[in-house]
Amino acid sequence: MRRAATEIAHMQLTLFTDYCFRVLIYLAQQPQRRVTITELSDYYGISRHHLVKVVHWLGRHGYVSTSRGKQGGLRLARPAQDINIGAVARATEPGFDLVECFNAATNTCRILPQCGLAGVLMGATRAFLAELDRYTLADMTVRALPAAAAEEVPLRQRPGGLRKAGSPRA
């Protein structure tokens with residue numbers, strides 16, 4: 001039986017990819033200043049240790065620039081409109097092998113020659129990535145964060161996720 005169009009199927013990205021997107025979006029919303037890892041950790045309620053790994057990776061791959069010292073912090077290494085969402089997903093994900101038969105080196109599926117599922121899933125993966133390719137980081141930052149975002153209530157203390165404290169639910 002087919003699912004209704006209103007039902008949402010779940011395709012999950014790794015936490016690493018999710019955190020990379022969060023860091024990039026936050027930095028894109030704060031282009032006028034440098035941001036610290038501690039600020040990001042407090043805002044999102046994510047372990048500072050995890051964010052250090054994420055920021056290091058983003059810096060090595062040219063997405064963010066970092067500087068140390070009293071005036072140090074992070075900022076985007078290039079304009080948000082030059083950072084493609086699909087490219088970030090491809091770079092951060094270990095692979096989009098949705099099923100075992102997508103990887104010839106580890107495939108042990110005996111029905112592959114007779115199975116049509118692999119082709120359908122490969123098409124779905126291509127469509128997913130093609131949709132991500134349509135957007136840049138600038139498209140993900142519709143509203144700028146307030147200048148004093150670090151002074152706001154951290155995400156982990158906000159009921160309902162990313163909405164700002166005191167703002168109505170959508």
# chains A, B, ... in the order shown; residues from 1 in each chain; ligands from 1

$ residues_around --residues "segment 13-15 of chain A" --least-positions-apart "6" --cutoff "9 Å" --atoms "only C-alpha atoms" --output "JSON list (two decimals) with N, CA, C and O atoms, in the first residue's frame"
[["chain", "number", "residue", "atom", "x", "y", "z"],
["A", 89, "ALA", "N", 26.70, 18.51, 2.13],
["A", 89, "ALA", "CA", 26.18, 17.18, 2.50],
["A", 89, "ALA", "C", 27.06, 16.07, 1.94],
["A", 89, "ALA", "O", 27.40, 15.12, 2.65],
["A", 92, "THR", "N", 30.40, 15.94, 3.92],
["A", 92, "THR", "CA", 30.35, 15.56, 5.33],
["A", 92, "THR", "C", 29.82, 14.16, 5.56],
["A", 92, "THR", "O", 30.15, 13.54, 6.58],
["A", 93, "GLU", "N", 29.03, 13.64, 4.66],
["A", 93, "GLU", "CA", 28.47, 12.30, 4.84],
["A", 93, "GLU", "C", 29.47, 11.24, 4.39],
["A", 93, "GLU", "O", 30.13, 11.42, 3.36],
["A", 94, "PRO", "N", 29.57, 10.15, 5.13],
["A", 94, "PRO", "CA", 30.51, 9.10, 4.75],
["A", 94, "PRO", "C", 30.08, 8.39, 3.47],
["A", 94, "PRO", "O", 30.87, 7.74, 2.82]]

$ select_by_dssp --residues "segment 58-155 of chain A" --states "strand (DSSP E)" --output "ChimeraX atom specification"
/A:64-67,73-76

$ residues_around --residues "Ala124 of chain A" --least-positions-apart "6" --cutoff "10 Å" --atoms "only C-alpha atoms" --output "short mmCIF file (atom, residue, chain, number, x, y, z; two decimals) with all heavy atoms, in the first residue's frame"
data_model
loop_
_atom_site.label_atom_id
_atom_site.label_comp_id
_atom_site.auth_asym_id
_atom_site.auth_seq_id
_atom_site.Cartn_x
_atom_site.Cartn_y
_atom_site.Cartn_z
N LEU A 98 22.36 3.68 0.87
CA LEU A 98 21.15 3.42 1.64
C LEU A 98 20.95 1.94 1.93
O LEU A 98 20.36 1.57 2.93
CB LEU A 98 19.92 3.97 0.91
CG LEU A 98 19.86 5.47 0.71
CD1 LEU A 98 18.57 5.86 0.02
CD2 LEU A 98 19.99 6.20 2.03
N ALA A 118 17.24 -1.51 -5.82
CA ALA A 118 18.47 -0.71 -5.87
C ALA A 118 18.32 0.47 -6.82
O ALA A 118 18.72 1.59 -6.49
CB ALA A 118 19.65 -1.59 -6.27
N ALA A 130 19.98 16.22 -5.62
CA ALA A 130 19.67 17.26 -6.60
C ALA A 130 18.86 18.38 -5.94
O ALA A 130 19.07 19.57 -6.24
CB ALA A 130 18.90 16.67 -7.78
#

$ closest_residue --among "A:Pro79, A:Gly95, A:Pro113, A:Gly119" --to "Thr136 of chain A" --atoms "only C-alpha atoms"
A:Pro79

$ closest_residue --among "A:Gly73, A:Phe96, A:Asp82, A:Val64" --to "Arg126 of chain A" --atoms "only C-alpha atoms"
A:Phe96

$ closest_residue --among "A:His61, A:Arg110, A:Lys70, A:His50" --to "Ala91 of chain A" --atoms "only C-alpha atoms"
A:His61

$ atom_distance --atom1 "atom CA of Glu39 of chain A" --atom2 "atom CA of Val55 of chain A"
12.7 Å

$ residues_around --residues "Gly69 of chain A" --least-positions-apart "4" --cutoff "12 Å" --atoms "only C-alpha atoms" --output "JSON, numbers by chain"
{"A": [34, 36, 73, 74]}

$ closest_residue --among "A:Leu40, A:Val99, A:Ala77, A:Val88" --to "Phe21 of chain A" --atoms "only C-alpha atoms"
A:Val88

$ closest_residue --among "A:Gly62, A:Phe102, A:Ile111, A:Arg48" --to "Thr125 of chain A" --atoms "only C-alpha atoms"
A:Phe102

$ residues_around --residues "Gly59 of chain A" --least-positions-apart "4" --cutoff "12 Å" --atoms "only C-alpha atoms" --output "PyMOL selection string"
chain A and resi 20+23-24+51-55+63-67+73-78

$ write_last_selection --atoms "N, CA, C and O atoms" --output "CSV table (one decimal), in the first residue's frame"
chain,number,residue,atom,x,y,z
A,20,CYS,N,27.5,20.5,11.3
A,20,CYS,CA,28.2,21.4,10.3
A,20,CYS,C,27.2,22.4,9.7
A,20,CYS,O,27.5,23.6,9.6
A,23,VAL,N,26.4,25.1,12.4
A,23,VAL,CA,27.5,26.1,12.5
A,23,VAL,C,27.5,27.0,11.4
A,23,VAL,O,27.6,28.2,11.5
A,24,LEU,N,27.4,26.5,10.2
A,24,LEU,CA,27.4,27.4,9.0
A,24,LEU,C,26.3,28.3,9.0
A,24,LEU,O,26.4,29.5,8.7
A,51,LEU,N,31.7,20.2,18.8
A,51,LEU,CA,31.9,21.4,17.9
A,51,LEU,C,33.3,21.7,17.6
A,51,LEU,O,33.6,22.2,16.5
A,52,VAL,N,34.2,21.4,18.4
A,52,VAL,CA,35.7,21.6,18.1
A,52,VAL,C,36.0,20.8,16.9
A,52,VAL,O,36.7,21.2,15.9
A,53,LYS,N,35.6,19.5,16.9
A,53,LYS,CA,35.8,18.6,15.7
A,53,LYS,C,35.1,19.1,14.5
A,53,LYS,O,35.7,19.1,13.4
A,54,VAL,N,33.9,19.6,14.6
A,54,VAL,CA,33.2,20.1,13.5
A,54,VAL,C,33.9,21.3,12.9
A,54,VAL,O,34.1,21.4,11.7
A,55,VAL,N,34.2,22.3,13.7
A,55,VAL,CA,34.8,23.5,13.3
A,55,VAL,C,36.2,23.2,12.7
A,55,VAL,O,36.6,23.8,11.7
A,63,TYR,N,35.5,26.1,4.6
A,63,TYR,CA,34.2,26.7,4.8
A,63,TYR,C,34.2,27.8,5.9
A,63,TYR,O,33.4,28.8,5.8
A,64,VAL,N,35.1,27.7,6.9
A,64,VAL,CA,35.2,28.7,7.9
A,64,VAL,C,36.7,29.1,8.1
A,64,VAL,O,37.6,28.3,7.8
A,65,SER,N,36.9,30.3,8.5
A,65,SER,CA,38.2,30.8,8.9
A,65,SER,C,38.2,31.0,10.4
A,65,SER,O,37.2,31.4,11.0
A,66,THR,N,39.3,30.6,11.0
A,66,THR,CA,39.4,30.7,12.4
A,66,THR,C,40.6,31.6,12.8
A,66,THR,O,41.6,31.6,12.1
A,67,SER,N,40.5,32.2,13.9
A,67,SER,CA,41.6,33.0,14.5
A,67,SER,C,41.6,32.9,16.0
A,67,SER,O,40.6,32.8,16.6
A,73,GLY,N,38.0,33.9,16.9
A,73,GLY,CA,36.7,33.3,16.7
A,73,GLY,C,36.6,32.7,15.3
A,73,GLY,O,37.6,32.6,14.6
A,74,LEU,N,35.4,32.5,14.9
A,74,LEU,CA,35.1,31.9,13.6
A,74,LEU,C,34.3,32.8,12.7
A,74,LEU,O,33.5,33.6,13.3
A,75,ARG,N,34.4,32.7,11.5
A,75,ARG,CA,33.5,33.3,10.5
A,75,ARG,C,33.6,32.5,9.2
A,75,ARG,O,34.5,31.7,9.0
A,76,LEU,N,32.6,32.8,8.4
A,76,LEU,CA,32.6,32.1,7.1
A,76,LEU,C,33.9,32.5,6.3
A,76,LEU,O,34.3,33.6,6.3
A,77,ALA,N,34.4,31.5,5.6
A,77,ALA,CA,35.6,31.8,4.8
A,77,ALA,C,35.3,32.3,3.4
A,77,ALA,O,36.1,32.9,2.7
A,78,ARG,N,34.0,32.2,3.1
A,78,ARG,CA,33.5,32.7,1.8
A,78,ARG,C,32.1,33.1,1.9
A,78,ARG,O,31.4,32.7,2.9

$ select_by_dssp --residues "segment 6-91 of chain A" --states "helix (DSSP H, G or I)" --output "PyMOL selection string"
chain A and resi 15-28+37-44+48-60+80-82+85-91

$ decode --residues "segment 44-83 of chain A" --atoms "C-alpha atoms" --output "PDB file, in the first residue's frame"
ATOM      1  CA  TYR A  44      22.646  25.043  20.341  1.00  0.00           C
ATOM      2  CA  GLY A  45      23.152  22.981  23.487  1.00  0.00           C
ATOM      3  CA  ILE A  46      25.787  20.877  21.718  1.00  0.00           C
ATOM      4  CA  SER A  47      28.924  19.591  23.402  1.00  0.00           C
ATOM      5  CA  ARG A  48      31.862  21.938  22.938  1.00  0.00           C
ATOM      6  CA  HIS A  49      34.025  18.867  22.276  1.00  0.00           C
ATOM      7  CA  HIS A  50      31.842  17.884  19.279  1.00  0.00           C
ATOM      8  CA  LEU A  51      31.863  21.422  17.935  1.00  0.00           C
ATOM      9  CA  VAL A  52      35.665  21.621  18.098  1.00  0.00           C
ATOM     10  CA  LYS A  53      35.807  18.609  15.730  1.00  0.00           C
ATOM     11  CA  VAL A  54      33.157  20.115  13.450  1.00  0.00           C
ATOM     12  CA  VAL A  55      34.835  23.529  13.301  1.00  0.00           C
ATOM     13  CA  HIS A  56      38.236  21.941  12.686  1.00  0.00           C
ATOM     14  CA  TRP A  57      36.798  19.989   9.748  1.00  0.00           C
ATOM     15  CA  LEU A  58      34.975  23.063   8.369  1.00  0.00           C
ATOM     16  CA  GLY A  59      38.219  25.035   8.587  1.00  0.00           C
ATOM     17  CA  ARG A  60      40.287  22.339   6.860  1.00  0.00           C
ATOM     18  CA  HIS A  61      37.756  22.214   4.026  1.00  0.00           C
ATOM     19  CA  GLY A  62      37.628  25.963   3.490  1.00  0.00           C
ATOM     20  CA  TYR A  63      34.159  26.693   4.844  1.00  0.00           C
ATOM     21  CA  VAL A  64      35.220  28.705   7.901  1.00  0.00           C
ATOM     22  CA  SER A  65      38.224  30.755   8.879  1.00  0.00           C
ATOM     23  CA  THR A  66      39.435  30.696  12.442  1.00  0.00           C
ATOM     24  CA  SER A  67      41.649  32.980  14.455  1.00  0.00           C
ATOM     25  CA  ARG A  68      42.994  32.684  17.970  1.00  0.00           C
ATOM     26  CA  GLY A  69      43.426  35.255  20.674  1.00  0.00           C
ATOM     27  CA  LYS A  70      41.325  37.886  22.379  1.00  0.00           C
ATOM     28  CA  GLN A  71      39.714  39.009  19.109  1.00  0.00           C
ATOM     29  CA  GLY A  72      39.594  35.428  17.800  1.00  0.00           C
ATOM     30  CA  GLY A  73      36.723  33.290  16.690  1.00  0.00           C
ATOM     31  CA  LEU A  74      35.111  31.906  13.581  1.00  0.00           C
ATOM     32  CA  ARG A  75      33.502  33.333  10.508  1.00  0.00           C
ATOM     33  CA  LEU A  76      32.617  32.078   7.077  1.00  0.00           C
ATOM     34  CA  ALA A  77      35.636  31.761   4.803  1.00  0.00           C
ATOM     35  CA  ARG A  78      33.550  32.704   1.768  1.00  0.00           C
ATOM     36  CA  PRO A  79      30.172  34.310   1.140  1.00  0.00           C
ATOM     37  CA  ALA A  80      27.110  32.279   2.120  1.00  0.00           C
ATOM     38  CA  GLN A  81      25.817  32.390  -1.453  1.00  0.00           C
ATOM     39  CA  ASP A  82      28.975  30.541  -2.559  1.00  0.00           C
ATOM     40  CA  ILE A  83      28.418  27.573  -0.219  1.00  0.00           C
TER      41      ILE A  83
END
